[in-house]
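File shown: my_file11.txt (compact mmCIF, N, CA and C atoms).
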# COMPACT_ATOMS: atom_id res chain seq x y z
N MET A 30 16.36 -95.42 4.03
CA MET A 30 17.68 -94.91 4.38
C MET A 30 17.80 -94.78 5.90
N ASP A 31 18.95 -95.01 6.41
CA ASP A 31 19.21 -94.93 7.84
C ASP A 31 19.06 -93.48 8.31
N GLU A 32 18.20 -93.25 9.30
CA GLU A 32 17.97 -91.89 9.80
C GLU A 32 19.20 -91.32 10.48
N ARG A 33 20.03 -92.16 11.09
CA ARG A 33 21.23 -91.66 11.76
C ARG A 33 22.18 -91.01 10.78
N SER A 34 22.33 -91.57 9.59
CA SER A 34 23.26 -90.99 8.62
C SER A 34 22.76 -89.63 8.13
N GLU A 35 21.44 -89.45 8.10
CA GLU A 35 20.89 -88.17 7.69
C GLU A 35 21.21 -87.06 8.69
N CYS A 36 21.19 -87.38 9.97
CA CYS A 36 21.40 -86.35 10.99
C CYS A 36 22.87 -85.95 11.09
N CYS A 37 23.75 -86.73 10.53
CA CYS A 37 25.19 -86.48 10.69
C CYS A 37 25.83 -85.85 9.45
N ARG A 38 25.04 -85.37 8.52
CA ARG A 38 25.60 -84.80 7.29
C ARG A 38 26.20 -83.41 7.50
N TYR A 39 25.76 -82.72 8.53
CA TYR A 39 26.25 -81.38 8.80
C TYR A 39 27.52 -81.47 9.64
N GLU A 40 28.59 -80.88 9.16
CA GLU A 40 29.84 -80.86 9.93
C GLU A 40 30.04 -79.44 10.45
N PRO A 41 29.90 -79.25 11.75
CA PRO A 41 29.99 -77.89 12.30
C PRO A 41 31.40 -77.31 12.14
N SER A 42 31.43 -76.01 11.99
CA SER A 42 32.72 -75.31 11.93
C SER A 42 33.27 -75.16 13.34
N LEU A 43 34.52 -74.75 13.41
CA LEU A 43 35.12 -74.48 14.72
C LEU A 43 34.32 -73.42 15.45
N GLU A 44 33.91 -72.38 14.74
CA GLU A 44 33.12 -71.31 15.37
C GLU A 44 31.80 -71.85 15.91
N ASP A 45 31.15 -72.75 15.15
CA ASP A 45 29.91 -73.36 15.63
C ASP A 45 30.16 -74.13 16.92
N LEU A 46 31.22 -74.90 16.95
CA LEU A 46 31.53 -75.69 18.15
C LEU A 46 31.83 -74.81 19.35
N LEU A 47 32.62 -73.76 19.11
CA LEU A 47 32.98 -72.88 20.22
C LEU A 47 31.80 -72.08 20.73
N ALA A 48 30.82 -71.83 19.85
CA ALA A 48 29.63 -71.07 20.25
C ALA A 48 28.62 -71.93 21.01
N ASP A 49 28.80 -73.23 20.97
CA ASP A 49 27.86 -74.14 21.66
C ASP A 49 27.90 -73.87 23.16
N GLU A 50 26.74 -73.82 23.77
CA GLU A 50 26.65 -73.50 25.20
C GLU A 50 27.35 -74.53 26.08
N VAL A 51 27.56 -75.72 25.59
CA VAL A 51 28.24 -76.76 26.37
C VAL A 51 29.73 -76.46 26.49
N MET A 52 30.27 -75.71 25.53
CA MET A 52 31.71 -75.48 25.50
C MET A 52 32.22 -74.61 26.66
N GLN A 53 31.45 -73.66 27.11
CA GLN A 53 31.91 -72.78 28.19
C GLN A 53 32.30 -73.56 29.44
N PRO A 54 31.43 -74.43 29.96
CA PRO A 54 31.85 -75.19 31.16
C PRO A 54 32.99 -76.16 30.87
N VAL A 55 33.02 -76.71 29.66
CA VAL A 55 34.11 -77.63 29.31
C VAL A 55 35.44 -76.88 29.30
N LEU A 56 35.46 -75.73 28.66
CA LEU A 56 36.69 -74.92 28.61
C LEU A 56 37.08 -74.46 30.01
N ARG A 57 36.11 -74.04 30.78
CA ARG A 57 36.39 -73.58 32.15
C ARG A 57 36.99 -74.71 32.97
N SER A 58 36.46 -75.91 32.82
CA SER A 58 37.00 -77.04 33.60
C SER A 58 38.43 -77.39 33.17
N ALA A 59 38.76 -77.06 31.90
CA ALA A 59 40.12 -77.30 31.41
C ALA A 59 41.04 -76.12 31.70
N GLY A 60 40.47 -75.07 32.29
CA GLY A 60 41.27 -73.89 32.61
C GLY A 60 41.58 -73.03 31.40
N LEU A 61 40.72 -73.09 30.37
CA LEU A 61 40.93 -72.32 29.14
C LEU A 61 39.77 -71.37 28.90
N ASP A 62 40.01 -70.36 28.09
CA ASP A 62 38.92 -69.56 27.56
C ASP A 62 38.96 -69.66 26.04
N LEU A 63 37.98 -69.11 25.36
CA LEU A 63 37.89 -69.23 23.90
C LEU A 63 39.14 -68.70 23.20
N ARG A 64 39.63 -67.56 23.64
CA ARG A 64 40.81 -66.96 23.02
C ARG A 64 42.01 -67.89 23.14
N GLU A 65 42.22 -68.43 24.33
CA GLU A 65 43.35 -69.33 24.54
C GLU A 65 43.23 -70.60 23.69
N LEU A 66 42.02 -71.14 23.59
CA LEU A 66 41.82 -72.34 22.79
C LEU A 66 42.09 -72.05 21.31
N ARG A 67 41.58 -70.92 20.81
CA ARG A 67 41.84 -70.55 19.42
C ARG A 67 43.34 -70.41 19.16
N GLU A 68 44.02 -69.70 20.05
CA GLU A 68 45.46 -69.51 19.89
C GLU A 68 46.19 -70.85 19.89
N MET A 69 45.80 -71.74 20.78
CA MET A 69 46.43 -73.05 20.85
C MET A 69 46.18 -73.84 19.56
N MET A 70 44.98 -73.74 19.03
CA MET A 70 44.65 -74.47 17.81
C MET A 70 45.40 -73.89 16.60
N VAL A 71 45.51 -72.57 16.53
CA VAL A 71 46.26 -71.94 15.44
C VAL A 71 47.73 -72.36 15.50
N GLU A 72 48.30 -72.35 16.68
CA GLU A 72 49.71 -72.76 16.85
C GLU A 72 49.90 -74.22 16.49
N THR A 73 48.97 -75.07 16.90
CA THR A 73 49.05 -76.49 16.56
C THR A 73 48.97 -76.69 15.06
N ALA A 74 48.05 -76.00 14.40
CA ALA A 74 47.93 -76.10 12.94
C ALA A 74 49.21 -75.62 12.26
N ARG A 75 49.80 -74.54 12.77
CA ARG A 75 51.05 -74.02 12.19
C ARG A 75 52.16 -75.05 12.31
N ARG A 76 52.27 -75.67 13.48
CA ARG A 76 53.30 -76.69 13.68
C ARG A 76 53.10 -77.90 12.78
N MET A 77 51.84 -78.32 12.64
CA MET A 77 51.55 -79.48 11.78
C MET A 77 51.89 -79.17 10.33
N GLU A 78 51.56 -77.97 9.88
CA GLU A 78 51.87 -77.57 8.50
C GLU A 78 53.38 -77.52 8.29
N HIS A 79 54.10 -76.97 9.26
CA HIS A 79 55.56 -76.89 9.17
C HIS A 79 56.16 -78.30 9.10
N ARG A 80 55.69 -79.19 9.96
CA ARG A 80 56.20 -80.56 9.99
C ARG A 80 55.90 -81.27 8.67
N GLU A 81 54.72 -81.05 8.13
CA GLU A 81 54.36 -81.69 6.86
C GLU A 81 55.25 -81.19 5.73
N ARG A 82 55.49 -79.87 5.69
CA ARG A 82 56.39 -79.33 4.66
C ARG A 82 57.79 -79.89 4.80
N ARG A 83 58.29 -79.98 6.04
CA ARG A 83 59.63 -80.51 6.28
C ARG A 83 59.71 -81.97 5.85
N ASN A 84 58.70 -82.76 6.20
CA ASN A 84 58.68 -84.16 5.80
C ASN A 84 58.62 -84.31 4.29
N ASP A 85 57.85 -83.47 3.61
CA ASP A 85 57.78 -83.51 2.15
C ASP A 85 59.14 -83.21 1.54
N MET A 86 59.83 -82.21 2.09
CA MET A 86 61.15 -81.86 1.57
C MET A 86 62.14 -83.00 1.77
N GLU A 87 62.12 -83.61 2.96
CA GLU A 87 63.02 -84.72 3.24
C GLU A 87 62.72 -85.90 2.32
N HIS A 88 61.45 -86.15 2.07
CA HIS A 88 61.07 -87.25 1.18
C HIS A 88 61.58 -86.98 -0.24
N ARG A 89 61.41 -85.75 -0.72
CA ARG A 89 61.90 -85.40 -2.07
C ARG A 89 63.42 -85.53 -2.14
N GLU A 90 64.13 -85.11 -1.09
CA GLU A 90 65.59 -85.22 -1.07
C GLU A 90 66.03 -86.68 -1.11
N ARG A 91 65.37 -87.53 -0.31
CA ARG A 91 65.71 -88.96 -0.32
C ARG A 91 65.43 -89.57 -1.69
N ARG A 92 64.32 -89.20 -2.28
CA ARG A 92 63.97 -89.74 -3.59
C ARG A 92 64.99 -89.28 -4.64
N ASN A 93 65.38 -88.02 -4.57
CA ASN A 93 66.39 -87.51 -5.51
C ASN A 93 67.72 -88.21 -5.31
N ASP A 94 68.10 -88.44 -4.04
CA ASP A 94 69.35 -89.14 -3.76
C ASP A 94 69.31 -90.57 -4.32
N THR A 95 68.18 -91.24 -4.13
CA THR A 95 68.03 -92.61 -4.62
C THR A 95 68.07 -92.64 -6.14
N GLU A 96 67.41 -91.71 -6.79
CA GLU A 96 67.42 -91.66 -8.25
C GLU A 96 68.81 -91.35 -8.76
N GLY A 97 69.54 -90.49 -8.06
CA GLY A 97 70.91 -90.16 -8.45
C GLY A 97 71.84 -91.36 -8.31
N ASP A 98 71.66 -92.12 -7.23
CA ASP A 98 72.46 -93.31 -7.00
C ASP A 98 72.20 -94.36 -8.08
N ALA A 99 70.97 -94.48 -8.52
CA ALA A 99 70.61 -95.48 -9.53
C ALA A 99 71.30 -95.17 -10.86
N GLY A 100 71.53 -93.90 -11.13
CA GLY A 100 72.19 -93.51 -12.38
C GLY A 100 73.67 -93.81 -12.37
N LEU A 101 74.27 -94.08 -11.20
CA LEU A 101 75.70 -94.34 -11.11
C LEU A 101 76.04 -95.78 -11.43
N GLU A 102 75.06 -96.65 -11.46
CA GLU A 102 75.33 -98.08 -11.68
C GLU A 102 75.62 -98.38 -13.11
Show how you would write the structure in this file as structure tokens.
Amino acid sequence: MDERSECCRYEPSLEDLLADEVMQPVLRSAGLDLRELREMMVETARRMEHRERRNDMEHRERRNDTEGDAGLE
């Protein structure tokens, strides 16, 4: 078995990544701290979820409209 695939089975959590010692200088160079990054990620996730729900609703509405139109023929 390929040894590389064995080493990549663990998927770190966000907390694991943020706790990594490499992250402090990376965040500092980006002008962020851990709190700001977490807040930004939570807001981004909220927006993505909202957009996905909106797109799902629009898709259902279009599908319902199309099905309704088909019944008129």
Inset, instruction - Mind giving me the straight-line distance from atom C of A:Gly60 to atom C of A:Glu40 in Å, one decimal? - result: 24.8 Å
Legend entry - Atom-to-atom span, atom CA of A:Glu81 and atom CA of A:Ser42, Å: 23.1 Å
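Residue nearest A:Leu46, chosen from A:Glu87, A:Arg82, A:Arg67, A:Thr73 and counting only C-alpha atoms: A:Arg67.
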Legend entry - Picked from chain A by DSSP as helix (DSSP H, G or I), as a ChimeraX atom specification: /A:32-36,43-48,52-58,63-99
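Here atom N of A:Arg64 is placed at a distance of 14.3 Å from atom N of A:Glu50.
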